[in-house]
Every structure is written in C-alpha cells, then in structure tokens.
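Working notes, beginning with the structure itself.
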Amino acid sequence: MPIRQLLYISRAAPSVDASDVAQIAALSRRDNYRRDVTGCLLYTGSAFAQVLEGRPDDVEALALKLRRDPRHFDFRVVRDTTVQLRAYSNWSMGCVLRPDLADEVQAILDDDTGTRSPTDVDRLLAEMRTDTVFGEL
C-alpha cells in the first residue's frame with residue numbers, strides 16, 4: 001500500500017513555548033497511533049516543521065486540522081509525495097527541539113517563490129530523523 005508523506009513548515013505563534021510543544025507531541029502520539037500515522041515534529045523556538053506519513057486520506061484529514069490550529073500560522077506544504085516505506089516508522093510522532101535549525105526553516109519560509117532547492121528540504125528531513133535522546137531512527 002502506498003504511503004503519503006507530507007512535510008509542512010509554519011511559524012509558531014508568539015505564545016508557544018517548549019511546554020506547549022511537549023503537550024502537542026504527547027497528544028499527537030496518542031491520536032496518530034490510532035490512525036496509523038507516523039512522523040516527526042520539529043520545533044525551532046520560532047517555527048515548526050512536521051512530517052506526516054500514512055494512508056492518503058488520513059494524512060489529508062490531519063493536515064486540514066493542523067492548518068486551522070491557532071498555535072501556528074503561515075502553514076506551507078513543502079513536500080507531498082508517495083513513498084513505499086515510512087521514514088519515521090518507529091515514531092507515531094517524534095519530537096525534535098532544534099533551535100539550531102531556525103535559520104534553515106526560516107529560509108524556506110521566506111522563499112515566497114517556492115524555488116528552494118529540493119536539497120534544502122532533504123537536508124531538513126535528514127535533520128529531523130536525528131533525535132538527541134534516541135539518536136538516528
């Protein structure tokens with residue numbers, strides 16, 4: 001069965017902090033497990049990047065819900081593809097706090113032309129696969 005993999009980025013609302021992100025991750029793990037959705041949430045302190053993987057309809061429904069979440073704005077899908085294998089199969093929702101990636105995510109957000117190199121997005125995805133506690137997925 002093909003798996004839809006969607007990566008979006010967004011700007012965090014000014015009121016969001018690391019405790020909010022921990023709560024988001026905990027709820028996502030529970031809900032995503034039920035839906036058989038996997039992925040990873042990256043928080044830089046000022047922006048989010050999130051990968052969602054699962055059945056196409058489930059990923060679409062979740063993306064629509066996330067788009068309306070007031071804890072972020074400027075929601076942009078930067079990759080939406082079909083894959084044969086999940087890249088984040090071990091995490092119903094991994095959570096990576098990486099302030100050092102703020103400039104990288106900001107550069108993608110600031111690209112209004114949509115012409116960022118696919119390599120930039122690939123590099124971001126690779127960084128999201130490394131967690132300081134769990135290591136490489």
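By order in the structure tokens, chains are A, B, ...; within a chain, residues start at 1; ligands start at 1, following the order shown.
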
Per residue of stretch 4-75 of chain A within 8 Å of stretch 98-108 of chain A, record the nearest atom pair and its distance in Å to one decimal, counting only C-alpha atoms, with rows in chain order and ascending residue number, as JSON lines.
{"residue": "A:Ile9", "atom": "CA", "partner": "A:Val105", "partner_atom": "CA", "distance": 7.4}
{"residue": "A:Leu42", "atom": "CA", "partner": "A:Arg98", "partner_atom": "CA", "distance": 6.9}
{"residue": "A:Tyr43", "atom": "CA", "partner": "A:Arg98", "partner_atom": "CA", "distance": 6.2}
{"residue": "A:Thr44", "atom": "CA", "partner": "A:Pro99", "partner_atom": "CA", "distance": 4.1}
{"residue": "A:Gly45", "atom": "CA", "partner": "A:Pro99", "partner_atom": "CA", "distance": 5.8}
{"residue": "A:Ser46", "atom": "CA", "partner": "A:Ala102", "partner_atom": "CA", "distance": 6.9}
{"residue": "A:Ala47", "atom": "CA", "partner": "A:Ala102", "partner_atom": "CA", "distance": 7.0}
{"residue": "A:Phe48", "atom": "CA", "partner": "A:Val105", "partner_atom": "CA", "distance": 7.9}
{"residue": "A:Ala49", "atom": "CA", "partner": "A:Val105", "partner_atom": "CA", "distance": 7.5}

Kindly save the residues from that selection, with C-alpha atoms included, as an mmCIF file, in the first residue's frame.
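out.cif, written as the output of this step:
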data_model
loop_
_atom_site.group_PDB
_atom_site.id
_atom_site.type_symbol
_atom_site.label_atom_id
_atom_site.label_comp_id
_atom_site.auth_asym_id
_atom_site.auth_seq_id
_atom_site.Cartn_x
_atom_site.Cartn_y
_atom_site.Cartn_z
ATOM 1 C CA ILE A 9 6.516 24.208 7.808
ATOM 2 C CA LEU A 42 10.438 19.819 14.745
ATOM 3 C CA TYR A 43 10.276 22.988 16.850
ATOM 4 C CA THR A 44 12.993 25.607 16.455
ATOM 5 C CA GLY A 45 11.701 28.095 19.007
ATOM 6 C CA SER A 46 10.088 30.206 16.300
ATOM 7 C CA ALA A 47 8.859 27.731 13.685
ATOM 8 C CA PHE A 48 7.610 24.208 13.139
ATOM 9 C CA ALA A 49 8.323 21.562 10.554
#

Write out as a tab-separated table (two decimals) with N, CA and C atoms, in the first residue's frame the set of residues from chain A that DSSP, computed on the backbone, places in strand (DSSP E or B).
chain	number	residue	atom	x	y	z
A	3	ILE	N	2.21	4.93	0.75
A	3	ILE	CA	2.17	5.79	1.94
A	3	ILE	C	2.34	7.23	1.49
A	4	ARG	N	1.47	8.10	1.95
A	4	ARG	CA	1.61	9.53	1.66
A	4	ARG	C	2.53	10.12	2.72
A	5	GLN	N	3.52	10.88	2.25
A	5	GLN	CA	4.43	11.59	3.15
A	5	GLN	C	4.30	13.08	2.85
A	6	LEU	N	3.90	13.83	3.86
A	6	LEU	CA	3.69	15.27	3.71
A	6	LEU	C	4.58	15.99	4.72
A	7	LEU	N	5.29	16.99	4.27
A	7	LEU	CA	6.10	17.85	5.13
A	7	LEU	C	5.58	19.26	5.01
A	8	TYR	N	5.24	19.86	6.15
A	8	TYR	CA	4.86	21.26	6.14
A	8	TYR	C	5.75	22.02	7.10
A	9	ILE	N	5.83	23.31	6.89
A	9	ILE	CA	6.52	24.21	7.81
A	9	ILE	C	5.55	25.33	8.15
A	10	SER	N	5.76	25.96	9.29
A	10	SER	CA	4.90	27.06	9.71
A	10	SER	C	5.63	27.89	10.75
A	11	ARG	N	5.13	29.09	10.96
A	11	ARG	CA	5.67	29.97	12.00
A	11	ARG	C	4.89	29.71	13.29
A	12	ALA	N	5.61	29.60	14.39
A	12	ALA	CA	4.96	29.37	15.69
A	12	ALA	C	4.33	30.67	16.17
A	38	THR	N	2.52	8.10	11.19
A	38	THR	CA	3.83	8.26	11.81
A	38	THR	C	4.40	9.60	11.36
A	39	GLY	N	5.49	10.00	12.00
A	39	GLY	CA	6.12	11.25	11.60
A	39	GLY	C	6.96	11.86	12.68
A	40	CYS	N	7.24	13.14	12.50
A	40	CYS	CA	8.10	13.85	13.41
A	40	CYS	C	7.75	15.33	13.41
A	41	LEU	N	7.78	15.94	14.58
A	41	LEU	CA	7.54	17.38	14.74
A	41	LEU	C	8.85	18.02	15.16
A	42	LEU	N	9.25	19.03	14.42
A	42	LEU	CA	10.44	19.82	14.75
A	42	LEU	C	9.98	21.18	15.23
A	43	TYR	N	10.55	21.64	16.34
A	43	TYR	CA	10.28	22.99	16.85
A	43	TYR	C	11.61	23.69	17.01
A	47	ALA	N	9.53	28.35	14.83
A	47	ALA	CA	8.86	27.73	13.68
A	47	ALA	C	8.71	26.23	13.93
A	48	PHE	N	7.83	25.64	13.13
A	48	PHE	CA	7.61	24.21	13.14
A	48	PHE	C	7.92	23.64	11.76
A	49	ALA	N	8.32	22.40	11.75
A	49	ALA	CA	8.32	21.56	10.55
A	49	ALA	C	7.77	20.23	11.02
A	50	GLN	N	6.89	19.65	10.24
A	50	GLN	CA	6.30	18.38	10.64
A	50	GLN	C	6.13	17.47	9.44
A	51	VAL	N	6.53	16.23	9.63
A	51	VAL	CA	6.33	15.18	8.63
A	51	VAL	C	5.19	14.30	9.11
A	52	LEU	N	4.29	14.01	8.20
A	52	LEU	CA	3.19	13.09	8.46
A	52	LEU	C	3.25	11.98	7.42
A	53	GLU	N	3.09	10.74	7.87
A	53	GLU	CA	3.10	9.60	6.96
A	53	GLU	C	1.93	8.69	7.28
A	54	GLY	N	1.24	8.25	6.27
A	54	GLY	CA	0.14	7.32	6.48
A	54	GLY	C	-0.72	7.17	5.25
A	72	HIS	N	0.00	28.08	15.37
A	72	HIS	CA	0.95	28.41	14.30
A	72	HIS	C	0.21	29.09	13.16
A	73	PHE	N	1.00	29.68	12.26
A	73	PHE	CA	0.43	30.37	11.10
A	73	PHE	C	1.43	30.28	9.95
A	74	ASP	N	1.02	30.75	8.79
A	74	ASP	CA	1.86	30.67	7.59
A	74	ASP	C	2.20	29.22	7.26
A	75	PHE	N	1.19	28.37	7.31
A	75	PHE	CA	1.29	26.93	7.05
A	75	PHE	C	1.62	26.71	5.58
A	76	ARG	N	2.71	26.02	5.31
A	76	ARG	CA	3.11	25.76	3.92
A	76	ARG	C	3.54	24.31	3.74
A	77	VAL	N	2.92	23.63	2.81
A	77	VAL	CA	3.35	22.28	2.46
A	77	VAL	C	4.56	22.43	1.53
A	78	VAL	N	5.68	21.82	1.92
A	78	VAL	CA	6.89	21.92	1.11
A	78	VAL	C	7.25	20.61	0.43
A	79	ARG	N	6.61	19.54	0.84
A	79	ARG	CA	6.76	18.28	0.12
A	79	ARG	C	5.51	17.45	0.37
A	80	ASP	N	5.00	16.85	-0.68
A	80	ASP	CA	3.83	15.99	-0.60
A	80	ASP	C	4.04	14.91	-1.65
A	81	THR	N	4.35	13.71	-1.20
A	81	THR	CA	4.73	12.66	-2.12
A	81	THR	C	4.23	11.30	-1.64
A	82	THR	N	4.34	10.32	-2.48
A	82	THR	CA	4.03	8.94	-2.14
A	82	THR	C	5.33	8.18	-2.00
A	83	VAL	N	5.44	7.42	-0.93
A	83	VAL	CA	6.64	6.62	-0.68
A	83	VAL	C	6.21	5.17	-0.45
A	94	GLY	N	7.54	11.64	16.52
A	94	GLY	CA	8.77	12.06	17.15
A	94	GLY	C	8.72	13.56	17.40
A	95	CYS	N	9.53	14.01	18.31
A	95	CYS	CA	9.56	15.44	18.62
A	95	CYS	C	11.02	15.85	18.77
A	96	VAL	N	11.43	16.80	17.97
A	96	VAL	CA	12.81	17.25	17.96
A	96	VAL	C	12.82	18.76	18.25
A	97	LEU	N	13.51	19.15	19.30
A	97	LEU	CA	13.68	20.56	19.63
A	97	LEU	C	15.06	20.97	19.14
A	130	THR	N	17.09	12.68	13.34
A	130	THR	CA	18.04	12.52	14.42
A	130	THR	C	17.48	13.17	15.67
A	131	ASP	N	17.41	12.44	16.73
A	131	ASP	CA	16.92	12.95	17.99
A	131	ASP	C	18.04	12.87	19.01
A	135	GLY	N	18.79	9.22	19.08
A	135	GLY	CA	19.77	9.06	18.02
A	135	GLY	C	19.09	8.90	16.66
A	136	GLU	N	19.79	8.26	15.75
A	136	GLU	CA	19.24	8.05	14.40
A	136	GLU	C	18.06	7.10	14.46

Take atom CA of A:Leu125 and atom CA of A:Ser28 and report the distance between them in Å, one decimal.
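Rounded to one decimal, the two atoms are 18.8 Å apart.
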
Between A:Asp57, A:Leu85, A:Ala22, A:Pro14, which one has atoms that come closest to A:Pro2, using only C-alpha atoms?
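For A:Pro2, the nearest of the candidates is A:Leu85.
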
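Here atom CA of A:Ala18 stands at a distance of 16.5 Å from atom CA of A:Asp69.
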
If you run DSSP on the backbone, which residues of stretch 8-106 of chain A are alpha helix (DSSP H), as a ChimeraX atom specification?
/A:18-35,56-67,102-106

Can I get the selected residues back with N, CA, C and O atoms, as a short mmCIF file (atom, residue, chain, number, x, y, z; two decimals), in the first residue's frame?
data_model
loop_
_atom_site.label_atom_id
_atom_site.label_comp_id
_atom_site.auth_asym_id
_atom_site.auth_seq_id
_atom_site.Cartn_x
_atom_site.Cartn_y
_atom_site.Cartn_z
N ALA A 18 8.21 25.61 24.70
CA ALA A 18 8.58 24.19 24.68
C ALA A 18 7.57 23.32 25.42
O ALA A 18 7.34 22.17 25.02
N SER A 19 6.93 23.83 26.46
CA SER A 19 5.93 23.02 27.17
C SER A 19 4.70 22.78 26.29
O SER A 19 4.10 21.70 26.34
N ASP A 20 4.33 23.77 25.48
CA ASP A 20 3.24 23.57 24.53
C ASP A 20 3.60 22.49 23.52
O ASP A 20 2.76 21.65 23.17
N VAL A 21 4.83 22.52 23.06
CA VAL A 21 5.28 21.54 22.07
C VAL A 21 5.27 20.13 22.67
O VAL A 21 4.86 19.18 22.01
N ALA A 22 5.67 20.00 23.93
CA ALA A 22 5.63 18.69 24.59
C ALA A 22 4.20 18.18 24.68
O ALA A 22 3.94 16.99 24.46
N GLN A 23 3.27 19.07 24.95
CA GLN A 23 1.86 18.68 25.01
C GLN A 23 1.35 18.28 23.63
O GLN A 23 0.64 17.28 23.49
N ILE A 24 1.71 19.04 22.61
CA ILE A 24 1.32 18.71 21.23
C ILE A 24 1.84 17.32 20.87
O ILE A 24 1.11 16.49 20.32
N ALA A 25 3.11 17.06 21.19
CA ALA A 25 3.72 15.76 20.85
C ALA A 25 3.01 14.62 21.57
O ALA A 25 2.74 13.57 20.96
N ALA A 26 2.69 14.80 22.84
CA ALA A 26 2.03 13.74 23.60
C ALA A 26 0.66 13.41 23.02
O ALA A 26 0.31 12.23 22.85
N LEU A 27 -0.12 14.43 22.73
CA LEU A 27 -1.45 14.20 22.14
C LEU A 27 -1.34 13.59 20.75
O LEU A 27 -2.12 12.70 20.38
N SER A 28 -0.36 14.06 19.98
CA SER A 28 -0.17 13.53 18.62
C SER A 28 0.20 12.06 18.65
O SER A 28 -0.27 11.28 17.82
N ARG A 29 1.05 11.68 19.60
CA ARG A 29 1.45 10.27 19.68
C ARG A 29 0.22 9.39 19.90
O ARG A 29 0.08 8.35 19.26
N ARG A 30 -0.64 9.79 20.80
CA ARG A 30 -1.84 9.01 21.09
C ARG A 30 -2.76 8.94 19.87
O ARG A 30 -3.17 7.88 19.43
N ASP A 31 -3.08 10.11 19.31
CA ASP A 31 -4.01 10.18 18.19
C ASP A 31 -3.44 9.53 16.93
O ASP A 31 -4.16 8.84 16.20
N ASN A 32 -2.17 9.75 16.65
CA ASN A 32 -1.56 9.19 15.44
C ASN A 32 -1.46 7.68 15.51
O ASN A 32 -1.58 6.99 14.50
N TYR A 33 -1.21 7.15 16.71
CA TYR A 33 -1.14 5.70 16.87
C TYR A 33 -2.46 5.08 16.44
O TYR A 33 -2.49 4.07 15.73
N ARG A 34 -3.56 5.69 16.83
CA ARG A 34 -4.89 5.19 16.46
C ARG A 34 -5.12 5.24 14.96
O ARG A 34 -5.83 4.40 14.40
N ARG A 35 -4.57 6.25 14.30
CA ARG A 35 -4.76 6.43 12.86
C ARG A 35 -3.71 5.70 12.01
O ARG A 35 -3.77 5.75 10.80
N PRO A 56 -3.30 8.05 2.54
CA PRO A 56 -3.52 9.39 1.98
C PRO A 56 -4.68 10.16 2.61
O PRO A 56 -4.54 11.34 2.93
N ASP A 57 -5.82 9.49 2.82
CA ASP A 57 -6.98 10.19 3.40
C ASP A 57 -6.72 10.62 4.84
O ASP A 57 -7.16 11.69 5.26
N ASP A 58 -6.01 9.79 5.60
CA ASP A 58 -5.71 10.14 6.99
C ASP A 58 -4.76 11.32 7.07
O ASP A 58 -4.93 12.22 7.90
N VAL A 59 -3.75 11.33 6.21
CA VAL A 59 -2.79 12.44 6.20
C VAL A 59 -3.50 13.73 5.77
O VAL A 59 -3.27 14.79 6.36
N GLU A 60 -4.37 13.63 4.79
CA GLU A 60 -5.10 14.82 4.32
C GLU A 60 -5.98 15.39 5.44
O GLU A 60 -5.98 16.60 5.68
N ALA A 61 -6.72 14.53 6.13
CA ALA A 61 -7.60 14.99 7.21
C ALA A 61 -6.79 15.64 8.33
O ALA A 61 -7.18 16.69 8.86
N LEU A 62 -5.66 15.04 8.66
CA LEU A 62 -4.82 15.60 9.71
C LEU A 62 -4.21 16.93 9.29
O LEU A 62 -4.17 17.88 10.08
N ALA A 63 -3.76 17.02 8.05
CA ALA A 63 -3.19 18.29 7.56
C ALA A 63 -4.23 19.41 7.58
O ALA A 63 -3.91 20.55 7.94
N LEU A 64 -5.46 19.11 7.21
CA LEU A 64 -6.52 20.12 7.26
C LEU A 64 -6.77 20.59 8.69
O LEU A 64 -6.95 21.78 8.94
N LYS A 65 -6.76 19.66 9.62
CA LYS A 65 -6.94 20.01 11.04
C LYS A 65 -5.77 20.88 11.53
O LYS A 65 -5.97 21.89 12.20
N LEU A 66 -4.57 20.49 11.17
CA LEU A 66 -3.38 21.23 11.62
C LEU A 66 -3.34 22.64 11.02
O LEU A 66 -2.90 23.58 11.68
N ARG A 67 -3.78 22.77 9.80
CA ARG A 67 -3.79 24.08 9.14
C ARG A 67 -4.61 25.09 9.95
O ARG A 67 -4.29 26.28 9.96
N ALA A 102 16.70 26.94 13.21
CA ALA A 102 15.77 28.07 13.00
C ALA A 102 16.07 28.80 11.69
O ALA A 102 15.15 29.12 10.93
N ASP A 103 17.33 29.06 11.39
CA ASP A 103 17.67 29.78 10.16
C ASP A 103 17.31 28.97 8.92
O ASP A 103 16.83 29.52 7.93
N GLU A 104 17.52 27.67 8.98
CA GLU A 104 17.21 26.81 7.83
C GLU A 104 15.70 26.79 7.56
O GLU A 104 15.27 26.94 6.41
N VAL A 105 14.90 26.63 8.60
CA VAL A 105 13.44 26.63 8.42
C VAL A 105 12.97 28.02 7.99
O VAL A 105 12.13 28.16 7.11
N GLN A 106 13.55 29.06 8.59
CA GLN A 106 13.18 30.43 8.24
C GLN A 106 13.46 30.72 6.77
O GLN A 106 12.67 31.37 6.09
#

Point-to-point distance from atom CA of A:Asn90 to atom CA of A:Asp36, Å rounded to tenths:
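The value is 11.3 Å.
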